[in-house]
Structures are given as structure tokens and as C-alpha cells.
>>> print(open('start.txt').read())   # compact mmCIF, C-alpha atoms
# COMPACT_ATOMS: atom_id res chain seq x y z
CA MET Q 1 118.76 36.03 -96.65
CA ALA Q 2 115.56 33.97 -96.95
CA THR Q 3 115.62 30.19 -96.85
CA THR Q 4 113.33 27.74 -98.60
CA ASP Q 5 111.49 26.89 -95.36
CA GLY Q 6 110.23 30.48 -94.91
CA THR Q 7 112.88 31.63 -92.42
CA THR Q 8 114.73 34.90 -92.81
CA ILE Q 9 118.30 35.02 -91.52
CA ILE Q 10 120.07 38.21 -90.48
CA GLY Q 11 123.78 37.47 -91.00
CA GLU Q 12 126.58 38.05 -88.49
CA SER Q 13 127.87 41.22 -90.17
CA ILE Q 14 124.42 42.84 -90.51
CA LEU Q 15 123.07 45.62 -88.24
CA ILE Q 16 119.40 46.52 -88.59
CA SER Q 17 118.21 49.61 -86.74
CA GLY Q 18 114.54 50.58 -86.73
CA SER Q 19 111.24 48.77 -86.83
CA LEU Q 20 111.00 45.21 -88.12
CA ALA Q 21 107.69 43.40 -88.76
CA GLY Q 22 106.92 40.14 -90.53
CA ASP Q 23 104.82 37.01 -90.96
CA GLU Q 24 107.63 34.46 -91.04
CA ASP Q 25 110.32 33.03 -88.78
CA LEU Q 26 113.38 35.21 -88.18
CA THR Q 27 116.85 34.02 -87.17
CA VAL Q 28 119.23 36.69 -85.88
CA ARG Q 29 122.96 36.03 -86.19
CA GLY Q 30 123.84 39.74 -86.36
CA ARG Q 31 122.35 42.76 -84.56
CA VAL Q 32 118.83 44.19 -84.43
CA GLU Q 33 117.99 47.44 -82.62
CA GLY Q 34 114.58 49.11 -82.28
CA THR Q 35 111.27 47.24 -82.33
CA LEU Q 36 110.58 43.75 -83.63
CA SER Q 37 107.09 42.36 -84.28
CA LEU Q 38 106.55 38.89 -85.79
CA THR Q 39 103.58 36.55 -86.10
CA ARG Q 40 105.92 33.55 -85.96
CA THR Q 41 109.18 32.56 -84.18
CA LEU Q 42 112.24 34.64 -83.37
CA VAL Q 43 115.52 32.73 -82.91
CA VAL Q 44 118.50 34.66 -81.55
CA GLU Q 45 121.58 32.54 -82.22
CA PRO Q 46 124.73 32.68 -80.02
CA THR Q 47 126.30 35.31 -82.30
CA GLY Q 48 123.07 37.37 -82.38
CA MET Q 49 122.24 40.45 -80.35
CA VAL Q 50 118.80 42.07 -80.12
CA LYS Q 51 118.28 45.42 -78.40
CA ALA Q 52 114.57 45.86 -78.98
CA GLU Q 53 111.03 45.67 -77.74
CA VAL Q 54 109.96 42.27 -79.10
CA GLN Q 55 106.46 40.94 -79.85
CA VAL Q 56 106.39 37.41 -81.28
CA LYS Q 57 104.58 34.08 -81.17
CA ASN Q 58 107.63 32.13 -79.88
CA CYS Q 59 111.12 33.27 -78.93
CA ILE Q 60 114.27 31.14 -78.54
CA ILE Q 61 117.22 33.02 -77.08
CA ALA Q 62 120.71 31.55 -77.46
CA GLY Q 63 122.41 34.95 -77.89
CA ILE Q 64 121.82 38.29 -76.18
CA VAL Q 65 118.49 40.11 -75.82
CA VAL Q 66 118.19 43.48 -74.12
CA GLY Q 67 114.58 44.66 -73.94
CA ASN Q 68 111.14 43.34 -73.14
CA VAL Q 69 109.82 40.22 -74.87
CA THR Q 70 106.10 39.56 -75.26
CA ALA Q 71 105.22 36.16 -76.73
CA SER Q 72 101.78 34.72 -77.37
CA GLU Q 73 103.03 31.13 -76.84
CA SER Q 74 106.50 30.70 -75.30
CA VAL Q 75 109.93 32.13 -74.51
CA GLU Q 76 112.96 29.87 -74.07
CA ILE Q 77 116.38 30.99 -72.89
CA THR Q 78 118.99 28.35 -73.72
CA ARG Q 79 122.20 27.61 -71.86
CA GLU Q 80 124.11 30.16 -73.95
CA GLY Q 81 121.30 32.71 -73.78
CA ARG Q 82 121.51 36.03 -71.94
CA MET Q 83 118.57 38.35 -71.39
CA VAL Q 84 117.99 41.62 -69.57
CA GLY Q 85 114.35 42.72 -69.63
CA ASP Q 86 110.86 41.56 -68.81
CA ILE Q 87 109.13 38.50 -70.26
CA ALA Q 88 105.37 38.26 -70.80
CA ALA Q 89 104.35 34.80 -72.06
CA PRO Q 90 102.12 31.92 -70.94
CA ARG Q 91 105.08 29.49 -71.09
CA VAL Q 92 108.64 30.37 -70.05
CA ILE Q 93 111.62 28.01 -70.15
CA ILE Q 94 114.94 29.04 -68.62
CA VAL Q 95 117.54 26.32 -69.05
CA ASP Q 96 120.22 25.70 -66.43
CA GLY Q 97 123.19 27.95 -67.23
CA ALA Q 98 121.14 30.70 -68.87
CA SER Q 99 121.39 34.27 -67.61
CA PHE Q 100 118.23 36.31 -67.00
CA ARG Q 101 117.61 39.57 -65.20
CA GLY Q 102 114.08 40.95 -65.23
CA ARG Q 103 110.51 40.05 -64.39
CA ILE Q 104 108.26 37.33 -65.73
CA ASP Q 105 104.52 37.69 -66.24
CA MET Q 106 102.76 34.48 -67.22
CA GLY Q 107 99.26 35.95 -67.32
CA GLU Q 108 96.28 35.75 -65.04
CA VAL Q 109 95.03 32.47 -63.61
CA ASP Q 110 91.37 32.22 -62.67
CA VAL Q 111 91.46 30.19 -59.46
CA GLY Q 112 87.66 29.89 -59.28
CA SER Q 113 87.31 28.10 -62.61
CA GLU Q 114 88.79 24.76 -61.55
CA ARG Q 115 87.06 21.78 -63.15
CA ARG Q 116 85.22 19.67 -60.65
CA VAL Q 117 84.70 15.95 -61.09
CA GLN Q 118 81.12 14.95 -60.49
CA GLY Q 119 80.77 13.41 -57.03
CA ALA Q 120 84.18 14.59 -55.87
CA THR Q 121 84.36 16.50 -52.66
CA PRO Q 122 85.85 19.95 -52.93
CA ARG Q 123 89.11 20.40 -51.09
CA ALA Q 124 90.86 23.49 -49.95
CA ALA Q 125 93.61 24.81 -52.18
CA ALA Q 126 97.10 24.44 -50.76
CA PRO Q 127 98.80 27.73 -49.93
CA ALA Q 128 101.36 28.88 -52.47
CA ARG Q 129 103.97 29.26 -49.76
CA PRO Q 130 104.19 28.21 -46.15
CA SER Q 131 102.37 30.51 -43.80
CA LEU Q 132 104.00 31.95 -40.74
CA ARG Q 133 100.60 32.47 -39.14
CA PRO Q 134 98.55 29.63 -37.66
CA ALA Q 135 95.43 28.58 -39.51
CA PRO Q 136 92.20 30.06 -38.13
CA GLY Q 137 90.80 28.00 -35.29
CA ARG Q 138 94.11 26.28 -34.53
CA ALA Q 139 96.35 27.02 -31.64
CA PRO Q 140 99.97 27.61 -32.62
CA GLN Q 141 102.28 24.72 -31.82
CA ARG Q 142 105.38 25.56 -29.90
CA ALA Q 143 108.51 23.49 -29.93
CA GLU Q 144 110.12 22.76 -26.60
CA VAL Q 145 113.62 24.18 -26.48
CA LYS Q 146 116.16 23.44 -23.77
CA LYS Q 147 118.12 26.51 -22.80
CA ALA Q 148 121.82 26.24 -22.31
CA GLU Q 149 123.92 28.96 -20.76
CA ALA Q 150 122.84 32.19 -22.33
CA PRO Q 151 125.62 34.26 -23.93
CA PRO Q 152 126.00 37.82 -22.67
CA ALA Q 153 123.17 40.05 -23.83
CA GLN Q 154 123.88 42.08 -26.96
CA PRO Q 155 122.10 45.27 -27.88
CA ALA Q 156 118.99 44.57 -29.92
CA ARG Q 157 119.35 45.25 -33.62
CA PRO Q 158 116.33 46.37 -35.58
CA SER Q 159 114.86 43.53 -37.56
CA ALA Q 160 114.85 43.68 -41.35
CA PRO Q 161 111.59 44.81 -42.93
CA PRO Q 162 109.40 41.99 -44.21
CA ALA Q 163 109.89 40.95 -47.80
CA PRO Q 164 107.29 42.41 -50.16
CA VAL Q 165 104.52 40.05 -51.17
CA ALA Q 166 103.03 40.23 -54.65
CA MET Q 167 99.36 40.99 -54.48
CA GLY Q 168 96.82 40.45 -57.19
CA SER Q 169 97.46 37.80 -59.77
CA VAL Q 170 98.39 34.19 -59.22
CA LYS Q 171 101.35 33.12 -61.35
CA ARG Q 172 101.70 29.88 -63.27
CA LYS Q 173 104.78 27.78 -62.79
CA VAL Q 174 108.00 28.36 -64.70
CA ILE Q 175 109.73 25.37 -66.28
CA VAL Q 176 113.42 25.32 -65.49
CA LYS Q 177 115.43 22.56 -67.20
CA THR Q 178 118.48 21.34 -65.33
CA LYS Q 179 121.42 19.53 -66.81
CA ARG Q 180 121.74 16.01 -65.44
>>> encode(input="start.txt", output="C-alpha cells")
Amino acid sequence: MATTDGTTIIGESILISGSLAGDEDLTVRGRVEGTLSLTRTLVVEPTGMVKAEVQVKNCIIAGIVVGNVTASESVEITREGRMVGDIAAPRVIIVDGASFRGRIDMGEVDVGSERRVQGATPRAAAPARPSLRPAPGRAPQRAEVKKAEAPPAQPARPSAPPAPVAMGSVKRKVIVKTKR
């Protein structure tokens, strides 16, 4: 069903299987399986289910999406939304209460192209996460700890391997709305 504002609606009792492409907004209340490519916005309503590889301009998920979503502008998962798959978009919004399992890629960030104000002194960029190693040229600071009676020695357990660190690209921040 097409509306007067240029939006196509897939009704609750409709199942579309295959490849879907279009140049208008699409609202899914039923089911879509396969591939979906739009130049505008995809809205998956709470009754909608999409099992597809999705390429759109914007995506608003209030229903269920299983598959990867690539958006040129933004992806939003609402409180009722559920998604399993990877997201690739410059702007990602996951509202408090939404369910998401997958990876998010928000594109490359060129750290060297920061704008500099004329006359401003350059300052070092803050680390993305706290470092466990002391900064070069600084001696590590040690906290003084008072020892109480030591419990009996236990056999040493092997320590857990260090958590993997993502190398390569710097990620932009993800906006997460919380209900207040």
C-alpha cells in the first residue's frame, strides 16, 4: 500500500521474499526476507520482521531485524527494537531497553585533520581509555599499602589472557538515550 506522502507500507499479513529496491520510504509491518536496498528511510514497526541484508539512507527499528544494516546517515533502535547483525553507519542510536547483538562500524576518523584555531597551542590528545603503563619519562607511582595478616598461601592460578584491543580505526561515539 502506498500513502500520499510517498511511503510504502508492507501490511502485517504480507510476506515478501526476494530482493526489494526503491527510491521512497518503506514501512514494514509484516515480513521481508532477502535483500533490501532503499535510497530513503526504512521503518520496521513493532509488528514487522526483516531478515535481510539492508542498505538504506536511514533505518528506524522498532520491530525485529536479523541481518546486517548499512546506512548512509543513521540507524536507530527504539525501546521495542531487536536486532541481530552488524551496523555500518556514521550515526547510531540505541535507546535504553533496545536489544542489539552484533558489531558497529561508524567509519574512519582522520585524527590528523583536526581544525586548529589560529594562535592556539596544540595539545596532546587524551587517550581513549586509561593506560595501565606509565607515560614515557614518568616514574610509576606506587600506592602505600599496609599489610595485615596474610591468609595462607594458595596455589597460583594462571591469569586470564589480556582482552583483545581493536587496532586500526578510531571509532566515533555512539549515542545511547536513557529513559529518565
>>> closest_residue(input="start.txt", among="Q:Ala21, Q:Ile61, Q:Met49, Q:Leu38", to="Ile94 (chain Q)", atoms="all atoms listed in the file")
Q:Ile61
>>> residues_around(input="start.txt", residues="Gly22 (chain Q)", least_positions_apart="3", cutoff="10 Å", atoms="all atoms listed in the file", output="VMD selection string")
chain Q and resid 8 25 to 26 36 to 40 56
>>> closest_residue(input="start.txt", among="Q:Leu42, Q:Ile9, Q:Val92, Q:Ala98", to="Val54 (chain Q)", atoms="only C-alpha atoms")
Q:Leu42
>>> residues_around(input="start.txt", residues="Gln55 (chain Q)", least_positions_apart="6", cutoff="12 Å", atoms="all atoms listed in the file", output="ChimeraX atom specification")
/Q:19-23,34-42,67-75,86-89
>>> write_last_selection(input="start.txt", atoms="C-alpha atoms", output="PDB file, in the frame of the given file")
ATOM      1  CA  SER Q  19     111.240  48.770 -86.830  1.00  0.00           C
ATOM      2  CA  LEU Q  20     111.000  45.210 -88.120  1.00  0.00           C
ATOM      3  CA  ALA Q  21     107.690  43.400 -88.760  1.00  0.00           C
ATOM      4  CA  GLY Q  22     106.920  40.140 -90.530  1.00  0.00           C
ATOM      5  CA  ASP Q  23     104.820  37.010 -90.960  1.00  0.00           C
ATOM      6  CA  GLY Q  34     114.580  49.110 -82.280  1.00  0.00           C
ATOM      7  CA  THR Q  35     111.270  47.240 -82.330  1.00  0.00           C
ATOM      8  CA  LEU Q  36     110.580  43.750 -83.630  1.00  0.00           C
ATOM      9  CA  SER Q  37     107.090  42.360 -84.280  1.00  0.00           C
ATOM     10  CA  LEU Q  38     106.550  38.890 -85.790  1.00  0.00           C
ATOM     11  CA  THR Q  39     103.580  36.550 -86.100  1.00  0.00           C
ATOM     12  CA  ARG Q  40     105.920  33.550 -85.960  1.00  0.00           C
ATOM     13  CA  THR Q  41     109.180  32.560 -84.180  1.00  0.00           C
ATOM     14  CA  LEU Q  42     112.240  34.640 -83.370  1.00  0.00           C
ATOM     15  CA  GLY Q  67     114.580  44.660 -73.940  1.00  0.00           C
ATOM     16  CA  ASN Q  68     111.140  43.340 -73.140  1.00  0.00           C
ATOM     17  CA  VAL Q  69     109.820  40.220 -74.870  1.00  0.00           C
ATOM     18  CA  THR Q  70     106.100  39.560 -75.260  1.00  0.00           C
ATOM     19  CA  ALA Q  71     105.220  36.160 -76.730  1.00  0.00           C
ATOM     20  CA  SER Q  72     101.780  34.720 -77.370  1.00  0.00           C
ATOM     21  CA  GLU Q  73     103.030  31.130 -76.840  1.00  0.00           C
ATOM     22  CA  SER Q  74     106.500  30.700 -75.300  1.00  0.00           C
ATOM     23  CA  VAL Q  75     109.930  32.130 -74.510  1.00  0.00           C
ATOM     24  CA  ASP Q  86     110.860  41.560 -68.810  1.00  0.00           C
ATOM     25  CA  ILE Q  87     109.130  38.500 -70.260  1.00  0.00           C
ATOM     26  CA  ALA Q  88     105.370  38.260 -70.800  1.00  0.00           C
ATOM     27  CA  ALA Q  89     104.350  34.800 -72.060  1.00  0.00           C
TER      28      ALA Q  89
END
>>> residues_near_point(input="start.txt", point="(123.1, 32.8, -66.9)", cutoff="12 Å", atoms="all atoms listed in the file", output="number ranges by chain")
Q: 61-64, 77-84, 94-101
>>> closest_residue(input="start.txt", among="Q:Val50, Q:Gly102, Q:Gly107, Q:Glu76", to="Lys177 (chain Q)", atoms="only C-alpha atoms")
Q:Glu76
>>> atom_distance(input="start.txt", atom1="CA of Thr178 (chain Q)", atom2="CA of Val43 (chain Q)")
21.2 Å
